[in-house]
Structures are given as C-alpha cells and as structure tokens.
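Participant: Sharing entry25.cif here; it has mmCIF, C-alpha atoms.
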data_target
loop_
_atom_site.label_atom_id
_atom_site.label_comp_id
_atom_site.auth_asym_id
_atom_site.auth_seq_id
_atom_site.Cartn_x
_atom_site.Cartn_y
_atom_site.Cartn_z
CA MET A 1 -75.32 25.09 78.54
CA THR A 2 -79.03 24.86 77.90
CA ILE A 3 -79.08 28.45 76.71
CA ALA A 4 -76.18 27.74 74.33
CA ILE A 5 -78.03 24.79 72.81
CA GLU A 6 -81.19 26.89 72.53
CA LEU A 7 -79.31 29.69 70.79
CA ALA A 8 -77.59 27.29 68.40
CA SER A 9 -80.94 25.71 67.56
CA TRP A 10 -82.45 29.14 66.84
CA LEU A 11 -79.50 30.01 64.64
CA PHE A 12 -79.74 26.75 62.70
CA ILE A 13 -83.49 27.05 62.15
CA LEU A 14 -83.25 30.68 61.01
CA LEU A 15 -80.37 29.80 58.65
CA GLY A 16 -82.40 26.88 57.32
CA SER A 17 -85.40 29.16 56.69
CA PHE A 18 -83.14 31.64 54.92
CA PHE A 19 -81.61 29.05 52.61
CA THR A 20 -85.03 27.50 51.89
CA VAL A 21 -86.33 30.86 50.69
CA VAL A 22 -83.10 31.55 48.74
CA GLY A 23 -83.42 28.24 46.90
CA ALA A 24 -87.07 28.91 46.08
CA ILE A 25 -86.26 32.40 44.75
CA GLY A 26 -83.57 30.83 42.57
CA LEU A 27 -86.13 28.30 41.33
CA VAL A 28 -88.24 31.18 39.99
CA ARG A 29 -85.52 33.53 38.76
CA MET A 30 -82.94 31.22 37.11
CA PRO A 31 -82.92 31.24 33.28
CA ASP A 32 -83.05 27.55 32.29
CA VAL A 33 -83.82 24.13 33.72
CA PHE A 34 -80.24 23.17 34.63
CA THR A 35 -79.61 26.33 36.64
CA ARG A 36 -82.99 25.81 38.31
CA MET A 37 -81.82 22.36 39.40
CA HIS A 38 -78.81 24.06 40.95
CA ALA A 39 -81.09 26.44 42.85
CA GLY A 40 -83.31 23.57 43.96
CA GLY A 41 -80.21 21.88 45.37
CA VAL A 42 -79.79 24.76 47.83
CA THR A 43 -83.19 23.99 49.34
CA ASP A 44 -82.49 20.26 49.37
CA THR A 45 -79.10 20.45 51.10
CA LEU A 46 -78.54 23.65 53.08
CA GLY A 47 -82.18 24.48 53.82
CA VAL A 48 -83.24 21.00 54.90
CA GLY A 49 -79.88 20.32 56.58
CA PHE A 50 -79.94 23.39 58.82
CA LEU A 51 -83.65 23.00 59.65
CA VAL A 52 -83.19 19.33 60.62
CA LEU A 53 -80.07 20.11 62.70
CA GLY A 54 -81.94 22.88 64.53
CA MET A 55 -84.87 20.59 65.23
CA CYS A 56 -82.46 17.86 66.43
CA LEU A 57 -81.07 20.30 69.00
CA GLN A 58 -84.62 21.16 70.08
CA ALA A 59 -85.64 17.53 70.46
CA GLY A 60 -82.62 16.43 72.49
CA LEU A 61 -81.53 12.81 72.57
CA SER A 62 -84.66 10.83 71.71
CA LEU A 63 -86.45 8.84 69.02
CA VAL A 64 -87.45 12.11 67.33
CA THR A 65 -83.77 12.91 66.72
CA LEU A 66 -83.26 9.48 65.20
CA LYS A 67 -86.19 10.03 62.84
CA LEU A 68 -84.88 13.47 61.88
CA LEU A 69 -81.43 12.07 61.14
CA PHE A 70 -83.01 9.30 59.07
CA LEU A 71 -84.91 11.98 57.12
CA LEU A 72 -81.62 13.85 56.58
CA THR A 73 -79.91 10.68 55.32
CA LEU A 74 -82.81 10.05 52.97
CA PHE A 75 -82.50 13.56 51.53
CA PHE A 76 -78.73 13.19 51.32
CA PHE A 77 -79.14 10.24 48.95
CA SER A 78 -82.40 11.08 47.15
CA GLY A 79 -81.48 14.64 46.13
CA PRO A 80 -78.51 13.76 43.88
CA VAL A 81 -80.34 10.74 42.44
CA VAL A 82 -83.37 12.79 41.44
CA THR A 83 -81.26 15.67 40.07
CA HIS A 84 -79.14 13.26 38.04
CA ALA A 85 -82.21 11.54 36.60
CA LEU A 86 -83.74 14.93 35.77
CA ALA A 87 -80.59 16.15 33.98
CA GLN A 88 -80.37 12.87 32.06
CA ALA A 89 -83.99 13.18 30.97
CA CYS A 90 -83.41 16.81 29.89
CA LEU A 91 -80.36 15.88 27.80
CA HIS A 92 -82.28 12.96 26.34
CA GLU A 93 -84.95 15.42 25.21
CA ARG A 94 -82.20 17.53 23.51
CA ILE A 95 -82.55 20.42 25.94
CA GLN A 96 -79.14 22.06 25.94
CA PRO A 97 -77.72 24.11 28.82
CA GLN A 98 -77.68 27.85 28.20
CA LEU A 99 -74.05 28.95 27.95
CA ALA A 100 -72.39 32.31 28.63
CA GLU A 101 -71.76 32.88 24.90
CA ASP A 102 -75.48 32.53 24.19
CA ARG A 103 -76.28 35.21 26.73
CA ARG A 104 -73.66 37.61 25.31
CA GLY A 105 -74.96 37.18 21.77
CA ARG A 106 -78.54 37.77 22.77
CA HIS A 107 -78.85 41.00 20.73
CA HIS A 108 -77.99 39.32 17.45
CA PRO A 109 -80.50 37.22 15.53
CA SER A 110 -80.06 33.59 16.41
CA THR A 111 -77.78 31.58 14.16
CA PRO A 112 -78.23 27.85 13.59
CA GLU A 113 -75.20 27.12 15.82
CA GLU A 114 -76.65 29.02 18.74
CA GLY A 115 -78.16 26.89 21.45
CA ARG A 116 -76.47 23.79 20.13
CA ALA A 117 -73.62 23.61 22.61
CA PRO A 118 -70.68 21.29 21.92
CA SER A 119 -71.07 18.26 24.15
CA LYS A 120 -68.18 17.50 26.43
CA PRO A 121 -66.37 14.21 25.85
CA SER A 122 -67.31 11.86 28.63
CA MET B 123 -89.04 30.59 65.92
CA PHE B 124 -90.86 27.64 64.48
CA ILE B 125 -93.51 30.06 63.23
CA ALA B 126 -90.78 31.93 61.33
CA ALA B 127 -89.58 28.66 59.82
CA ALA B 128 -93.14 27.72 58.84
CA ALA B 129 -93.66 31.15 57.24
CA ALA B 130 -90.40 30.83 55.27
CA ILE B 131 -91.41 27.37 54.08
CA LEU B 132 -94.82 28.69 53.00
CA VAL B 133 -93.17 31.51 51.03
CA ALA B 134 -90.90 28.96 49.36
CA PHE B 135 -94.01 26.86 48.63
CA ALA B 136 -95.60 29.80 46.79
CA LEU B 137 -92.45 30.38 44.72
CA ALA B 138 -92.12 26.68 43.82
CA ILE B 139 -95.77 26.57 42.76
CA THR B 140 -95.16 29.69 40.64
CA ARG B 141 -92.42 27.79 38.82
CA ALA B 142 -94.67 24.75 38.44
CA ILE B 143 -97.34 26.89 36.78
CA LYS B 144 -94.95 28.98 34.63
CA GLY B 145 -92.41 26.25 33.78
CA PRO B 146 -91.88 26.16 30.00
CA THR B 147 -90.82 22.51 29.87
CA VAL B 148 -92.23 19.52 31.69
CA PHE B 149 -88.91 19.09 33.53
CA ASP B 150 -89.31 22.47 35.20
CA ARG B 151 -92.63 21.25 36.49
CA VAL B 152 -91.13 17.96 37.70
CA LEU B 153 -88.36 19.89 39.49
CA ALA B 154 -90.90 22.23 41.07
CA GLY B 155 -93.02 19.23 42.11
CA ASN B 156 -90.01 17.65 43.77
CA SER B 157 -89.27 20.90 45.58
CA VAL B 158 -92.88 21.13 46.74
CA GLY B 159 -92.57 17.60 48.13
CA THR B 160 -89.37 18.48 50.01
CA LEU B 161 -90.97 21.62 51.41
CA ALA B 162 -94.08 19.69 52.44
CA ILE B 163 -91.92 17.28 54.44
CA MET B 164 -90.16 20.14 56.21
CA LEU B 165 -93.50 21.86 56.85
CA LEU B 166 -94.83 18.63 58.41
CA ALA B 167 -91.77 18.41 60.69
CA VAL B 168 -91.99 22.09 61.69
CA ILE B 169 -95.74 21.90 62.37
CA GLY B 170 -95.11 18.76 64.41
CA PHE B 171 -92.75 20.72 66.64
CA LEU B 172 -95.05 23.76 66.65
CA THR B 173 -98.00 21.79 67.99
CA GLY B 174 -95.85 19.64 70.29
CA ARG B 175 -96.59 16.45 68.41
CA PRO B 176 -93.34 15.24 66.76
CA GLU B 177 -95.16 12.10 65.62
CA PHE B 178 -95.85 14.06 62.43
CA LEU B 179 -92.32 13.07 61.44
CA ASP B 180 -93.55 9.57 60.59
CA ILE B 181 -95.84 11.07 57.96
CA GLY B 182 -92.89 13.12 56.73
CA LEU B 183 -90.72 10.02 56.36
CA THR B 184 -93.43 8.22 54.39
CA TYR B 185 -93.89 11.24 52.18
CA ALA B 186 -90.12 11.45 51.56
CA LEU B 187 -90.07 7.86 50.30
CA LEU B 188 -93.14 8.47 48.11
CA ASN B 189 -91.59 11.68 46.75
CA ILE B 190 -88.47 9.92 45.42
CA ILE B 191 -90.45 7.12 43.79
CA GLY B 192 -93.03 9.53 42.38
CA THR B 193 -90.45 11.84 40.79
CA LEU B 194 -88.48 8.98 39.28
CA ALA B 195 -91.67 7.36 37.95
CA VAL B 196 -92.79 10.61 36.29
CA LEU B 197 -89.34 11.12 34.75
CA LYS B 198 -89.30 7.55 33.44
CA PHE B 199 -92.74 8.01 32.00
CA PHE B 200 -91.74 11.18 30.13
CA ARG B 201 -88.50 9.66 28.92
CA HIS B 202 -89.99 6.47 27.50
CA GLY B 203 -93.65 7.36 27.17
CA ASP B 204 -94.41 4.19 29.07
CA LEU B 205 -93.63 2.84 32.52
CA ALA B 206 -93.14 -0.72 31.21
CA TYR B 207 -90.84 -0.02 28.28
CA ASP B 208 -88.75 -2.63 26.49
CA VAL B 209 -85.08 -2.44 27.52
CA ASP B 210 -83.82 -4.07 24.30
CA SER B 211 -85.41 -1.44 22.07
CA GLU B 212 -83.50 1.26 23.98
CA ALA B 213 -80.08 -0.32 23.27
CA GLY B 214 -79.86 0.93 19.68
CA SER B 215 -80.61 4.58 20.36
#
How does this structure look as structure tokens?

Facilitator:
Amino acid sequence: MTIAIELASWLFILLGSFFTVVGAIGLVRMPDVFTRMHAGGVTDTLGVGFLVLGMCLQAGLSLVTLKLLFLLTLFFFSGPVVTHALAQACLHERIQPQLAEDRRGRHHPSTPEEGRAPSKPS
Amino acid sequence: MFIAAAAAILVAFALAITRAIKGPTVFDRVLAGNSVGTLAIMLLAVIGFLTGRPEFLDIGLTYALLNIIGTLAVLKFFRHGDLAYDVDSEAGS
C-alpha cells in the first residue's frame, strides 16, 4: 500500500513537471497574446494540480496537506480571474486575436480588413 | 524526484522570463510575470519538501495572494493609467 502511494506520488509529480514545462514552452512559442494565455493556463491548472496532488500524497494526512489543498483552491479561482482580466484589458487596448484566415493570407500584402476580426455578438 | 520537479520548474522559469523580455506588448509581460509568480510558488513548495521543511508553504501561500493582487493592480493601471480612476468617466466609453 505504501509502495502504491509512493508510485502514484512519483507519477503525479513527474506529470506535473512535464505539464509545467509544456506550458512554459507554449508561452514562448505561441503566436499572439491570447494563445499565450491558453498556454499559460496549462501551467496553472495541470502543472500545478499534478504537482500539488503528488506532494499531498508525499505529505500524508497532516497540516501540510491542508495548506497544499488551500493553495490548489487559490489557484483554481485566481487563474481564471487573472486570465479574464488580461483578455479584457487586451480587447480594451484593441488587440485582436489572430485568426486562421490571417495566417493563411500571410503571403499577401496586408489589406485594411486584415487583423480587424469581426467581433462576436455577446 | 523532487530534484526533477525543481529542475523542470527552473526550465519553465527560464522560458517565462524569455517571454517577459521578448514580449511585444505589455500584456505578454504581465502574463509572463504571472507565470513566474506561479512557478515561484511551486518552486517554494518543492524546495520545502526537498529540504524537509514544508513550512515554506506558508511563504508560498502569502506569495500566491500577493501574486493575484499584483497582477490585477498592474492590469488596472495599464487599462486606466491610474489606480484611482473615476468610475463615472468610464461609463460613456
């Protein structure tokens, strides 16, 4: 039983490390700010989630686990709030998301319509 | 195992800082700063386990709270140019 918990904790921590690095790579390689937010979300949810779960299994049933779960809850609520505020601020600054049509038409000289995406009705 | 996690977090740190330096808009930098804060919290937790002192988690919790407030304050500052803006003047725009 102890070995099973140990193995699960290893698995969770390695998965968390993997997703942390994946999110950070996406943060560098993604083309515009909205897709970078998406990549940052991987670090904030899967990376942190798996790391905290793995550390919970390591710590056993104690105050440390409670603190880790509180940290997880904090991330669970703060991540979407910050991302939403960031996207709102970007749209307020007239930064438009890069669309698939823009990427296909990259070889042509830019027309006035390009980059000004039609806003969805809300 | 915790050393592997710490190494992964440090690599992610380097990549996030790359984005913070390169970022064309200020929002890229804010996003990268938020990611650096998240990674710093996880690094604190991992180092706490690595050295056998999980009390580091308290520092991590404090830093998590500061991170949210800091990011939102910076965003508000860049949106309004002022932290104490007038709500009524915003209504027309």

Participant: Name every residue that the PyMOL selection byres ((chain B) within 6 of (chain A)) selects in this structure, writing the answer as a VMD selection string with chains first and numbers rising.

Facilitator: chain B and resid 127 130 134 137 to 138 141 150

Participant: Enter the distance from atom CA of A:Leu69 to atom CA of B:Tyr185, in Å, rounded to one decimal.

Facilitator: 15.4 Å

Participant: Expand the PyMOL selection byres ((chain B and resi 156) around 9) into the explicit residue set it covers here, and present it as a list in words.

Facilitator: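 Taken on the displayed file, the PyMOL selection byres ((chain B and resi 156) around 9) yields the residues Gly40 and Val82 of chain A; Arg151, Val152, Leu153, Ala154, Gly155, Ser157, Val158, Gly159, Thr160, Leu161, Asn189, Ile190, Gly192 and Thr193 of chain B.
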
Participant: Convert the output of the PyMOL selection byres ((chain B and resi 167) around 8) on the shown file into explicit residues, formatted as a ChimeraX atom specification.

Facilitator: /B:163-166,168-171,176,178-179,182

Participant: Work out how far atom CA of B:Phe149 is from atom CA of B:Arg201, in Å to one decimal.

Facilitator: 10.5 Å

Participant: So what do you get for atom CA of A:Phe12 versus atom CA of A:Gly54, distance-wise?

Facilitator: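 Interatomic distance here is 4.8 Å.
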
Participant: With only C-alpha atoms as the atoms that count, which of B:Ala186, B:Ala162, B:Ala142, B:Leu205 lies nearest to A:Phe76?

Facilitator: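 Nearest candidate to A:Phe76 out of B:Ala186, B:Ala162, B:Ala142, B:Leu205: B:Ala186.
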